[in-house]
$ cat protein.txt   # compact mmCIF, C-alpha atoms
# COMPACT_ATOMS: atom_id res chain seq x y z
CA MET G 1 -24.03 -8.89 12.96
CA ASN G 2 -22.78 -11.60 15.28
CA ILE G 3 -19.02 -11.14 15.72
CA ASP G 4 -18.66 -14.56 17.33
CA ILE G 5 -19.67 -16.13 14.01
CA ASP G 6 -18.41 -13.57 11.48
CA ARG G 7 -15.42 -11.74 12.94
CA LYS G 8 -13.87 -11.07 9.55
CA SER G 9 -16.88 -9.05 8.39
CA PHE G 10 -16.92 -7.15 11.66
CA TYR G 11 -13.29 -6.11 11.33
CA ALA G 12 -13.78 -5.32 7.64
CA TYR G 13 -16.59 -2.98 8.68
CA VAL G 14 -14.42 -1.37 11.38
CA ARG G 15 -11.60 -0.84 8.85
CA SER G 16 -14.04 0.65 6.34
CA ARG G 17 -15.16 3.22 8.92
CA SER G 18 -11.62 4.12 9.92
CA ARG G 19 -10.30 7.45 8.69
CA SER G 20 -6.73 6.25 8.37
CA ARG G 21 -5.73 4.32 5.28
CA HIS G 22 -2.60 2.22 5.39
CA VAL G 23 -0.87 1.93 2.06
CA ALA G 24 2.47 0.34 1.38
CA GLY G 25 5.41 2.67 1.19
CA PRO G 26 7.76 4.23 1.44
CA LEU G 27 10.03 1.18 1.65
CA VAL G 28 13.67 1.11 2.71
CA ASP G 29 15.97 -1.62 1.34
CA ASP G 30 19.00 -3.22 2.98
CA GLN G 31 21.31 -0.48 1.64
CA GLY G 32 19.13 2.23 3.22
CA ASP G 33 17.70 3.46 -0.10
CA THR G 34 14.11 4.70 0.11
CA THR G 35 11.56 3.77 -2.55
CA ASN G 36 8.32 5.72 -2.86
CA SER G 37 7.10 5.69 -6.48
CA PRO G 38 4.30 3.19 -7.19
CA GLN G 39 6.31 1.48 -9.94
CA ASP G 40 9.40 1.09 -7.72
CA LEU G 41 7.24 -0.20 -4.84
CA ALA G 42 5.63 -2.77 -7.14
CA GLU G 43 9.06 -3.86 -8.35
CA LYS G 44 10.36 -4.26 -4.77
CA PHE G 45 7.33 -6.35 -3.80
CA ASN G 46 7.61 -8.43 -6.97
CA THR G 47 11.29 -9.12 -6.37
CA TYR G 48 10.74 -10.06 -2.72
CA PHE G 49 7.60 -12.15 -3.26
CA SER G 50 9.29 -14.01 -6.15
CA SER G 51 12.25 -14.80 -3.94
CA VAL G 52 10.14 -16.46 -1.23
CA PHE G 53 8.03 -18.70 -3.48
CA THR G 54 8.85 -22.40 -3.43
CA VAL G 55 9.96 -23.85 -6.74
CA GLU G 56 8.67 -27.40 -7.05
CA ASN G 57 10.85 -30.15 -8.47
CA LEU G 58 8.72 -31.34 -11.39
CA SER G 59 11.17 -34.05 -12.45
CA ASN G 60 10.45 -36.22 -9.41
CA LEU G 61 6.68 -36.14 -8.94
CA PRO G 62 5.15 -38.88 -6.79
CA THR G 63 2.68 -41.30 -8.36
CA ALA G 64 -0.75 -41.79 -6.87
CA ASP G 65 -1.82 -45.17 -5.56
CA LYS G 66 -4.78 -46.77 -7.29
CA ILE G 67 -7.69 -46.37 -4.88
CA PHE G 68 -10.60 -47.26 -7.17
CA HIS G 69 -11.01 -51.03 -6.99
CA CYS G 70 -14.46 -51.49 -8.52
CA ALA G 71 -15.55 -52.49 -12.01
CA GLU G 72 -14.93 -50.16 -14.96
CA SER G 73 -18.72 -49.76 -15.35
CA ASP G 74 -18.92 -48.32 -11.81
CA LYS G 75 -16.67 -45.36 -12.65
CA LEU G 76 -18.13 -41.88 -12.78
CA GLN G 77 -18.86 -41.38 -16.48
CA GLU G 78 -20.66 -38.06 -16.53
CA VAL G 79 -20.70 -34.93 -14.39
CA LEU G 80 -23.92 -32.96 -14.47
CA PHE G 81 -23.93 -29.21 -14.03
CA ASP G 82 -27.22 -27.96 -12.64
CA LYS G 83 -28.33 -24.30 -12.77
CA THR G 84 -30.07 -24.56 -9.41
CA ILE G 85 -26.87 -25.69 -7.68
CA VAL G 86 -24.84 -22.95 -9.39
CA ARG G 87 -27.50 -20.40 -8.37
CA LYS G 88 -27.29 -21.53 -4.74
CA LYS G 89 -23.50 -21.28 -4.84
CA LEU G 90 -23.70 -17.76 -6.30
CA GLU G 91 -26.14 -16.88 -3.53
CA LYS G 92 -23.58 -17.95 -0.92
CA VAL G 93 -20.64 -15.95 -2.34
CA ARG G 94 -19.21 -13.85 0.48
CA SER G 95 -19.74 -10.19 -0.32
CA ASP G 96 -16.80 -9.11 1.87
CA LYS G 97 -14.30 -10.79 -0.47
CA ALA G 98 -12.33 -8.89 -3.09
CA SER G 99 -12.91 -9.35 -6.80
CA GLY G 100 -10.17 -10.84 -8.93
CA VAL G 101 -8.79 -10.12 -12.39
CA ASP G 102 -12.30 -10.33 -13.88
CA GLU G 103 -13.35 -7.40 -11.61
CA LEU G 104 -16.68 -9.12 -10.85
CA SER G 105 -17.68 -8.04 -7.37
CA PRO G 106 -19.04 -10.84 -5.18
CA ARG G 107 -21.89 -8.52 -4.24
CA ILE G 108 -22.86 -8.18 -7.93
CA LEU G 109 -22.59 -11.94 -8.46
CA ALA G 110 -24.98 -12.55 -5.58
CA LYS G 111 -27.43 -9.87 -6.71
CA LEU G 112 -27.48 -11.09 -10.32
CA LYS G 113 -27.52 -14.81 -9.48
CA ASP G 114 -30.80 -15.43 -11.34
CA GLU G 115 -29.57 -13.72 -14.49
CA ILE G 116 -26.08 -15.25 -14.58
CA CYS G 117 -26.63 -18.78 -13.26
CA HIS G 118 -27.31 -20.19 -16.75
CA PRO G 119 -24.25 -18.63 -18.46
CA VAL G 120 -22.00 -19.53 -15.50
CA THR G 121 -23.31 -23.10 -15.61
CA GLU G 122 -22.58 -23.34 -19.35
CA ILE G 123 -19.09 -21.82 -19.00
CA THR G 124 -18.28 -24.20 -16.13
CA LYS G 125 -19.58 -27.21 -18.08
CA SER G 126 -17.61 -26.20 -21.17
CA SER G 127 -14.48 -25.69 -19.09
CA PHE G 128 -14.89 -29.13 -17.51
CA ASP G 129 -15.59 -30.84 -20.85
CA THR G 130 -12.66 -29.24 -22.69
CA GLY G 131 -10.21 -29.10 -19.79
CA ILE G 132 -9.60 -25.42 -20.56
CA ALA G 133 -10.39 -22.80 -17.93
CA PRO G 134 -11.03 -19.18 -18.93
CA ASP G 135 -7.96 -16.96 -18.60
CA ASP G 136 -9.56 -14.91 -15.81
CA TRP G 137 -9.98 -18.11 -13.77
CA ARG G 138 -6.26 -18.90 -14.05
CA THR G 139 -4.93 -15.42 -13.32
CA ALA G 140 -4.61 -13.56 -10.03
CA ASN G 141 -3.92 -10.04 -8.89
CA VAL G 142 -1.24 -10.22 -6.20
CA THR G 143 -1.44 -7.57 -3.51
CA SER G 144 0.57 -7.00 -0.37
CA ILE G 145 -0.81 -7.35 3.15
CA PHE G 146 1.08 -5.96 6.11
CA LYS G 147 2.04 -8.68 8.65
CA LYS G 148 3.96 -7.16 11.54
CA ARG G 149 6.68 -4.88 12.83
CA ASN G 150 7.94 -2.07 10.63
CA ARG G 151 5.97 -0.96 7.54
CA ILE G 152 9.08 0.28 5.73
CA LYS G 153 10.53 -3.23 5.24
CA VAL G 154 9.22 -5.31 2.33
CA GLU G 155 9.84 -8.49 4.38
CA ASN G 156 7.03 -7.44 6.73
CA PHE G 157 4.39 -7.88 4.02
CA ARG G 158 2.91 -11.05 2.58
CA PRO G 159 1.47 -11.63 -0.88
CA VAL G 160 -2.22 -12.41 -1.30
CA SER G 161 -3.62 -13.63 -4.63
CA LEU G 162 -7.00 -12.20 -5.55
CA THR G 163 -8.65 -14.70 -7.87
CA SER G 164 -11.93 -14.79 -9.76
CA GLN G 165 -14.87 -15.45 -7.46
CA ILE G 166 -16.51 -17.60 -10.13
CA GLY G 167 -13.36 -19.45 -11.11
CA ASN G 168 -12.05 -20.31 -7.68
CA SER G 169 -13.17 -23.52 -6.05
CA ARG G 170 -15.07 -22.04 -3.13
CA PRO G 171 -18.17 -20.48 -4.71
CA LEU G 172 -18.90 -23.35 -7.11
CA GLY G 173 -17.20 -26.09 -5.12
CA LYS G 174 -18.19 -27.21 -1.64
$ encode --input "protein.txt" --output "structure tokens"
Amino acid sequence: MNIDIDRKSFYAYVRSRSRSRHVAGPLVDDQGDTTNSPQDLAEKFNTYFSSVFTVENLSNLPTADKIFHCAESDKLQEVLFDKTIVRKKLEKVRSDKASGVDELSPRILAKLKDEICHPVTEITKSSFDTGIAPDDWRTANVTSIFKKRNRIKVENFRPVSLTSQIGNSRPLGK
């Protein structure tokens, strides 16, 4: 392993070998009340993470400038989905990433690339043609990651969305 190229995997390995496990909690709120039960911890994180999300103003959306200035016949009319490209993308899925709501491990996706490239290609094509993505591709598990300072304050954690490895843009995109 070359840590100059893949530092994230190196530190993931170091953390996996560590005997100490850092879990969130107990948490202390502004009134000094301590929360320790998993349900109360989840509620505290949910409340805090919801409060820091930006709410977009959907009533005043900007309009895009027209950038395509060629003939109508030059427009992209069809998008082809090729099993060999999907297979290559599945091959490149990073195994150190977490699985999402679909619970499909990136390691399994890479190992079964030959068996699943056809169904994944068909699902992706169908999703593109209909404009409807599978529910698992539109849903995320939100987990907390410790940032800094004191572990008993909810403000010192940040939310991370764990999405489907197949449905997110990285494995099947660029």
$ closest_atom_pairs --input "protein.txt" --of "segment 9-91 of chain G" --to "segment 109-129 of chain G" --cutoff "12 Å" --atoms "all atoms listed in the file" --output "CSV"
residue,atom,partner,partner_atom,distance
G:Gln77,CA,G:Asp129,CA,11.9
G:Glu78,CA,G:Asp129,CA,9.8
G:Val79,CA,G:Lys125,CA,8.6
G:Leu80,CA,G:Lys125,CA,8.1
G:Phe81,CA,G:Lys125,CA,6.3
G:Asp82,CA,G:Thr121,CA,6.9
G:Lys83,CA,G:Cys117,CA,5.8
G:Thr84,CA,G:Cys117,CA,7.8
G:Ile85,CA,G:Cys117,CA,8.9
G:Val86,CA,G:Cys117,CA,6.0
G:Arg87,CA,G:Cys117,CA,5.2
G:Lys88,CA,G:Lys113,CA,8.2
G:Lys89,CA,G:Ala110,CA,8.9
G:Leu90,CA,G:Ala110,CA,5.4
G:Glu91,CA,G:Ala110,CA,4.9
$ atom_distance --input "protein.txt" --atom1 "atom CA of Ile166 of chain G" --atom2 "atom CA of Pro106 of chain G"
8.8 Å
$ atom_distance --input "protein.txt" --atom1 "atom CA of Arg158 of chain G" --atom2 "atom CA of Gly100 of chain G"
17.4 Å
$ atom_distance --input "protein.txt" --atom1 "atom CA of Lys148 of chain G" --atom2 "atom CA of Lys44 of chain G"
17.8 Å
$ closest_residue --input "protein.txt" --among "G:Asn46, G:Thr34, G:Ser73, G:Ile108" --to "Asn141 of chain G" --atoms "only C-alpha atoms"
G:Asn46
$ residues_around --input "protein.txt" --residues "Ser37 of chain G" --least-positions-apart "5" --cutoff "12 Å" --atoms "all atoms listed in the file" --output "CSV table (one decimal) with C-alpha atoms, in the coordinates of the input"
chain,number,residue,atom,x,y,z
G,24,ALA,CA,2.5,0.3,1.4
G,25,GLY,CA,5.4,2.7,1.2
G,26,PRO,CA,7.8,4.2,1.4
G,27,LEU,CA,10.0,1.2,1.6
G,42,ALA,CA,5.6,-2.8,-7.1
G,43,GLU,CA,9.1,-3.9,-8.4
G,44,LYS,CA,10.4,-4.3,-4.8
$ axis_aligned_box --input "protein.txt" --around "segment 118-133 of chain G" --padding-each-side "6 Å" --output "lines of an AutoDock Vina configuration file"
center_x = -18.5
center_y = -24.7
center_z = -19.1
size_x = 29.7
size_y = 24.2
size_z = 19.2
$ residues_around --input "protein.txt" --residues "segment 52-59 of chain G" --least-positions-apart "4" --cutoff "10 Å" --atoms "all atoms listed in the file" --output "JSON, numbers by chain"
{"G": [47, 48, 155, 158, 159]}
